[in-house]
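Okay, upload-v5.pdb now, which holds PDB, C-alpha atoms:
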ATOM      1  CA  MET A 785     111.261  48.596  51.085
ATOM      2  CA  LYS A 786     110.872  44.896  50.291
ATOM      3  CA  THR A 787     113.999  42.817  49.730
ATOM      4  CA  TYR A 788     114.590  39.437  48.154
ATOM      5  CA  ASN A 789     117.344  36.872  48.495
ATOM      6  CA  VAL A 790     118.850  34.884  45.623
ATOM      7  CA  LYS A 791     116.686  31.829  46.279
ATOM      8  CA  GLU A 792     113.461  33.863  46.301
ATOM      9  CA  ILE A 793     114.343  35.545  43.019
ATOM     10  CA  ALA A 794     115.291  32.227  41.427
ATOM     11  CA  GLU A 795     111.958  30.701  42.454
ATOM     12  CA  MET A 796     110.037  33.776  41.342
ATOM     13  CA  LEU A 797     111.711  33.782  37.909
ATOM     14  CA  ASN A 798     111.716  29.996  37.566
ATOM     15  CA  THR A 799     115.480  29.859  37.130
ATOM     16  CA  ASN A 800     118.519  28.455  38.897
ATOM     17  CA  PRO A 801     119.957  30.401  41.874
ATOM     18  CA  GLU A 802     123.367  30.316  40.160
ATOM     19  CA  THR A 803     121.832  32.204  37.228
ATOM     20  CA  VAL A 804     120.720  34.921  39.639
ATOM     21  CA  ARG A 805     124.221  35.040  41.150
ATOM     22  CA  ARG A 806     125.685  35.371  37.630
ATOM     23  CA  TRP A 807     123.364  38.320  36.940
ATOM     24  CA  ILE A 808     124.653  39.919  40.136
ATOM     25  CA  ARG A 809     128.313  39.253  39.217
ATOM     26  CA  ASP A 810     127.712  40.611  35.696
ATOM     27  CA  LYS A 811     126.124  43.752  37.201
ATOM     28  CA  LYS A 812     122.806  43.030  35.452
ATOM     29  CA  LEU A 813     121.071  42.825  38.824
ATOM     30  CA  ASP A 814     122.054  45.238  41.571
ATOM     31  CA  ALA A 815     122.504  43.562  44.962
ATOM     32  CA  THR A 816     124.186  44.158  48.291
ATOM     33  CA  ILE A 817     125.740  41.750  50.735
ATOM     34  CA  GLU A 818     124.501  42.472  54.240
ATOM     35  CA  SER A 819     126.421  39.519  55.679
ATOM     36  CA  LYS A 820     128.478  36.645  54.317
ATOM     37  CA  LYS A 821     126.104  34.177  55.893
ATOM     38  CA  GLY A 822     122.984  35.920  54.593
ATOM     39  CA  GLY A 823     124.229  36.280  51.026
ATOM     40  CA  HIS A 824     123.031  38.836  48.532
ATOM     41  CA  ILE A 825     120.023  41.033  49.175
ATOM     42  CA  VAL A 826     118.171  42.596  46.235
ATOM     43  CA  TYR A 827     115.901  45.560  46.819
ATOM     44  CA  GLU A 828     112.540  45.592  45.080
ATOM     45  CA  SER A 829     113.507  48.653  43.029
ATOM     46  CA  ALA A 830     116.637  46.879  41.736
ATOM     47  CA  LEU A 831     114.572  43.818  40.856
ATOM     48  CA  GLN A 832     112.039  46.000  39.015
ATOM     49  CA  THR A 833     114.874  47.656  37.060
ATOM     50  CA  PHE A 834     116.231  44.241  36.089
ATOM     51  CA  LEU A 835     112.785  43.010  35.057
ATOM     52  CA  ARG A 836     112.221  46.056  32.837
ATOM     53  CA  SER A 837     115.412  45.175  30.968
ATOM     54  CA  SER A 838     114.507  41.453  30.809
ATOM     55  CA  PRO A 839     110.888  41.013  29.677
ATOM     56  CA  LYS A 840     111.386  37.244  29.458
ATOM     57  CA  TYR A 841     111.867  37.085  33.213
ATOM     58  CA  ALA A 842     109.385  39.856  33.905
ATOM     59  CA  ALA A 843     106.648  37.566  32.634
ATOM     60  CA  SER A 844     107.666  34.886  35.149
ATOM     61  CA  ALA A 845     107.857  37.410  37.959
ATOM     62  CA  LYS A 846     104.486  38.803  37.044
ATOM     63  CA  ALA A 847     102.875  35.423  37.350
ATOM     64  CA  SER A 848     104.604  34.826  40.685
ATOM     65  CA  LEU A 849     103.860  38.231  42.132
ATOM     66  CA  ALA A 850     100.272  38.406  40.909
ATOM     67  CA  GLY A 851      99.483  34.843  41.899
ATOM     68  CA  ALA A 852      97.906  34.139  38.500
ATOM     69  CA  ALA A 853      99.193  33.391  35.058
ATOM     70  CA  VAL A 854      99.206  36.471  32.881
ATOM     71  CA  LEU A 855     100.906  34.879  29.909
ATOM     72  CA  SER A 856      99.813  31.763  28.090
ATOM     73  CA  THR A 857     102.041  29.589  25.926
ATOM     74  CA  VAL A 858     100.519  28.784  22.544
ATOM     75  CA  MET A 859     101.665  27.085  19.376
ATOM     76  CA  VAL A 860     101.794  29.380  16.351
ATOM     77  CA  GLY A 861     102.927  27.841  13.077
ATOM     78  CA  GLY A 862     105.012  25.274  14.921
ATOM     79  CA  LEU A 863     106.651  27.925  17.108
ATOM     80  CA  ILE A 864     106.031  28.464  20.780
ATOM     81  CA  ALA A 865     104.844  31.988  21.524
ATOM     82  CA  GLN A 866     103.514  33.718  24.581
ATOM     83  CA  LYS A 867     100.379  35.815  24.383
ATOM     84  CA  LEU A 868      98.738  38.086  26.892
ATOM     85  CA  ILE A 869      95.487  36.649  28.187
ATOM     86  CA  ASP A 870      94.408  39.175  30.791
ATOM     87  CA  THR A 871      95.219  42.835  30.151
ATOM     88  CA  GLU A 872      93.631  43.948  33.421
ATOM     89  CA  GLN A 873      95.971  41.669  35.356
ATOM     90  CA  LEU A 874      98.843  43.005  33.233
ATOM     91  CA  LYS A 875      98.070  46.572  34.351
ATOM     92  CA  LYS A 876      98.418  45.525  38.007
ATOM     93  CA  VAL A 877     101.968  44.229  37.663
ATOM     94  CA  CYS A 878     105.285  45.816  36.813
ATOM     95  CA  ILE A 879     105.621  44.920  33.135
ATOM     96  CA  SER A 880     104.101  47.250  30.577
ATOM     97  CA  ASN A 881     102.819  46.651  27.067
ATOM     98  CA  GLU A 882     105.858  48.571  25.848
ATOM     99  CA  ASP A 883     108.136  46.088  27.641
ATOM    100  CA  VAL A 884     106.380  43.168  25.963
ATOM    101  CA  ILE A 885     106.470  44.918  22.583
ATOM    102  CA  HIS A 886     110.178  45.651  23.067
ATOM    103  CA  TYR A 887     110.814  41.998  23.919
ATOM    104  CA  PHE A 888     108.946  40.757  20.830
ATOM    105  CA  GLN A 889     110.725  43.305  18.645
ATOM    106  CA  GLY A 890     114.011  41.917  19.949
ATOM    107  CA  GLU A 891     112.869  38.385  19.122
ATOM    108  CA  ILE A 892     111.841  39.533  15.633
ATOM    109  CA  GLN A 893     115.269  41.091  15.136
ATOM    110  CA  LYS A 894     116.957  37.857  16.239
ATOM    111  CA  CYS A 895     114.885  35.939  13.675
ATOM    112  CA  LEU A 896     115.697  38.488  10.950
ATOM    113  CA  ASP A 897     119.409  38.224  11.796
ATOM    114  CA  ALA A 898     119.189  34.419  11.647
ATOM    115  CA  ILE A 899     117.436  34.610   8.271
ATOM    116  CA  LYS A 900     120.101  36.972   6.941
ATOM    117  CA  ALA A 901     122.885  34.651   8.106
ATOM    118  CA  LYS A 902     121.150  31.687   6.465
ATOM    119  CA  GLU A 903     120.630  33.633   3.233
ATOM    120  CA  ASP A 904     124.327  34.530   3.235
ATOM    121  CA  THR A 905     125.177  30.862   3.728
ATOM    122  CA  VAL A 906     122.875  29.894   0.852
ATOM    123  CA  GLN A 907     124.595  32.447  -1.402
ATOM    124  CA  GLN A 908     128.011  31.091  -0.440
ATOM    125  CA  ILE A 909     126.881  27.545  -1.165
ATOM    126  CA  GLN A 910     125.409  28.628  -4.511
ATOM    127  CA  LYS A 911     128.747  30.210  -5.433
ATOM    128  CA  GLN A 912     130.542  27.001  -4.446
ATOM    129  CA  ILE A 913     128.123  24.961  -6.559
ATOM    130  CA  GLU A 914     128.757  27.247  -9.544
ATOM    131  CA  THR A 915     132.510  26.920  -9.039
ATOM    132  CA  ASP A 916     132.153  23.123  -8.895
ATOM    133  CA  ARG A 917     130.073  23.153 -12.109
ATOM    134  CA  LEU A 918     132.723  25.226 -13.876
ATOM    135  CA  GLN A 919     135.360  22.761 -12.658
ATOM    136  CA  ILE A 920     133.295  19.854 -14.007
ATOM    137  CA  ALA A 921     132.971  21.630 -17.373
ATOM    138  CA  GLU A 922     136.754  22.115 -17.478
ATOM    139  CA  PHE A 923     137.344  18.446 -16.681
ATOM    140  CA  GLN A 924     134.889  17.448 -19.412
ATOM    141  CA  LYS A 925     136.732  19.638 -21.940
ATOM    142  CA  LEU A 926     140.029  18.051 -20.937
ATOM    143  CA  ILE A 927     138.531  14.587 -21.332
ATOM    144  CA  GLU A 928     137.207  15.537 -24.777
ATOM    145  CA  ASN A 929     140.614  16.941 -25.813
ATOM    146  CA  LEU A 930     142.358  13.805 -24.578
ATOM    147  CA  SER A 931     139.853  11.595 -26.405
ATOM    148  CA  VAL A 932     140.357  13.541 -29.658
ATOM    149  CA  LYS A 933     144.153  13.315 -29.356
ATOM    150  CA  LYS A 934     143.914   9.589 -28.630
ATOM    151  CA  GLU A 935     141.853   9.095 -31.807
ATOM    152  CA  GLU A 936     144.318  11.160 -33.833
ATOM    153  CA  MET A 937     147.189   9.009 -32.597
ATOM    154  CA  GLU A 938     145.513   5.797 -33.649
TER     155      GLU A 938
END
Translate the structure of the given file into structure tokens.
Amino acid sequence: MKTYNVKEIAEMLNTNPETVRRWIRDKKLDATIESKKGGHIVYESALQTFLRSSPKYAASAKASLAGAAVLSTVMVGGLIAQKLIDTEQLKKVCISNEDVIHYFQGEIQKCLDAIKAKEDTVQQIQKQIETDRLQIAEFQKLIENLSVKKEEME
């Protein structure tokens, strides 16, 4: 079975070797140490398992392993998105349409969560604005009362 070292995985996934080591420490990527000098060794099956749980990196690996770009970066409404450009090439590599769909669904959920948080913030700000307006109205009433009393005293 094919094995990879940290440097090979980092190059394949276009990331820093320390990121790969962090995945190993965090138990996201299963690896063994065959020798202290040799460092971590990752079996192909462990890498495939990791890639299935990380579609973002699976796309990079796919391009590396297949030797051709399978994903293309495009601008959509000011946002950067990745779209599949060759479904036949996609079938030859380890990532499935379901993996890509799952990844995009996760991204959609992140956006929905961000929208919800922003809407909550807007509601809080609107409440604060209403409180400030009520405070202004109270101050105006006090000013009017003081002005009336001043006139009465004169």
Separation of atom CA of A:Met785 from atom CA of A:Tyr887, in Å and rounded to one decimal
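About the pair atom CA of A:Met785 and atom CA of A:Tyr887: they are 28.0 Å apart.
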Could you give me, as a ChimeraX atom specification, the residues within 6 Å of stretch 801-818 of chain A, counting all atoms listed in the file and dropping anything in the same chain fewer than 2 positions from it?
/A:790-791,794,823-826,830,834
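The residue that comes closest to A:Gly890, out of A:Ser837, A:Gln907, A:Ser819, A:Gln832 and on the basis of only C-alpha atoms, is A:Ser837.
Pairwise distance (atom CA of A:Lys820, atom CA of A:Thr799) equals 22.6 Å.
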Can you measure atom CA of A:Gln893 to atom CA of A:Pro839 for me? One decimal in Å is fine.
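These atoms are spaced 15.2 Å apart.
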Go through A:Asn881, A:Asn789, A:Gln919, A:Ser931 and flag the residue nearest A:Lys821, using all atoms listed in the file for the distances.
A:Asn789
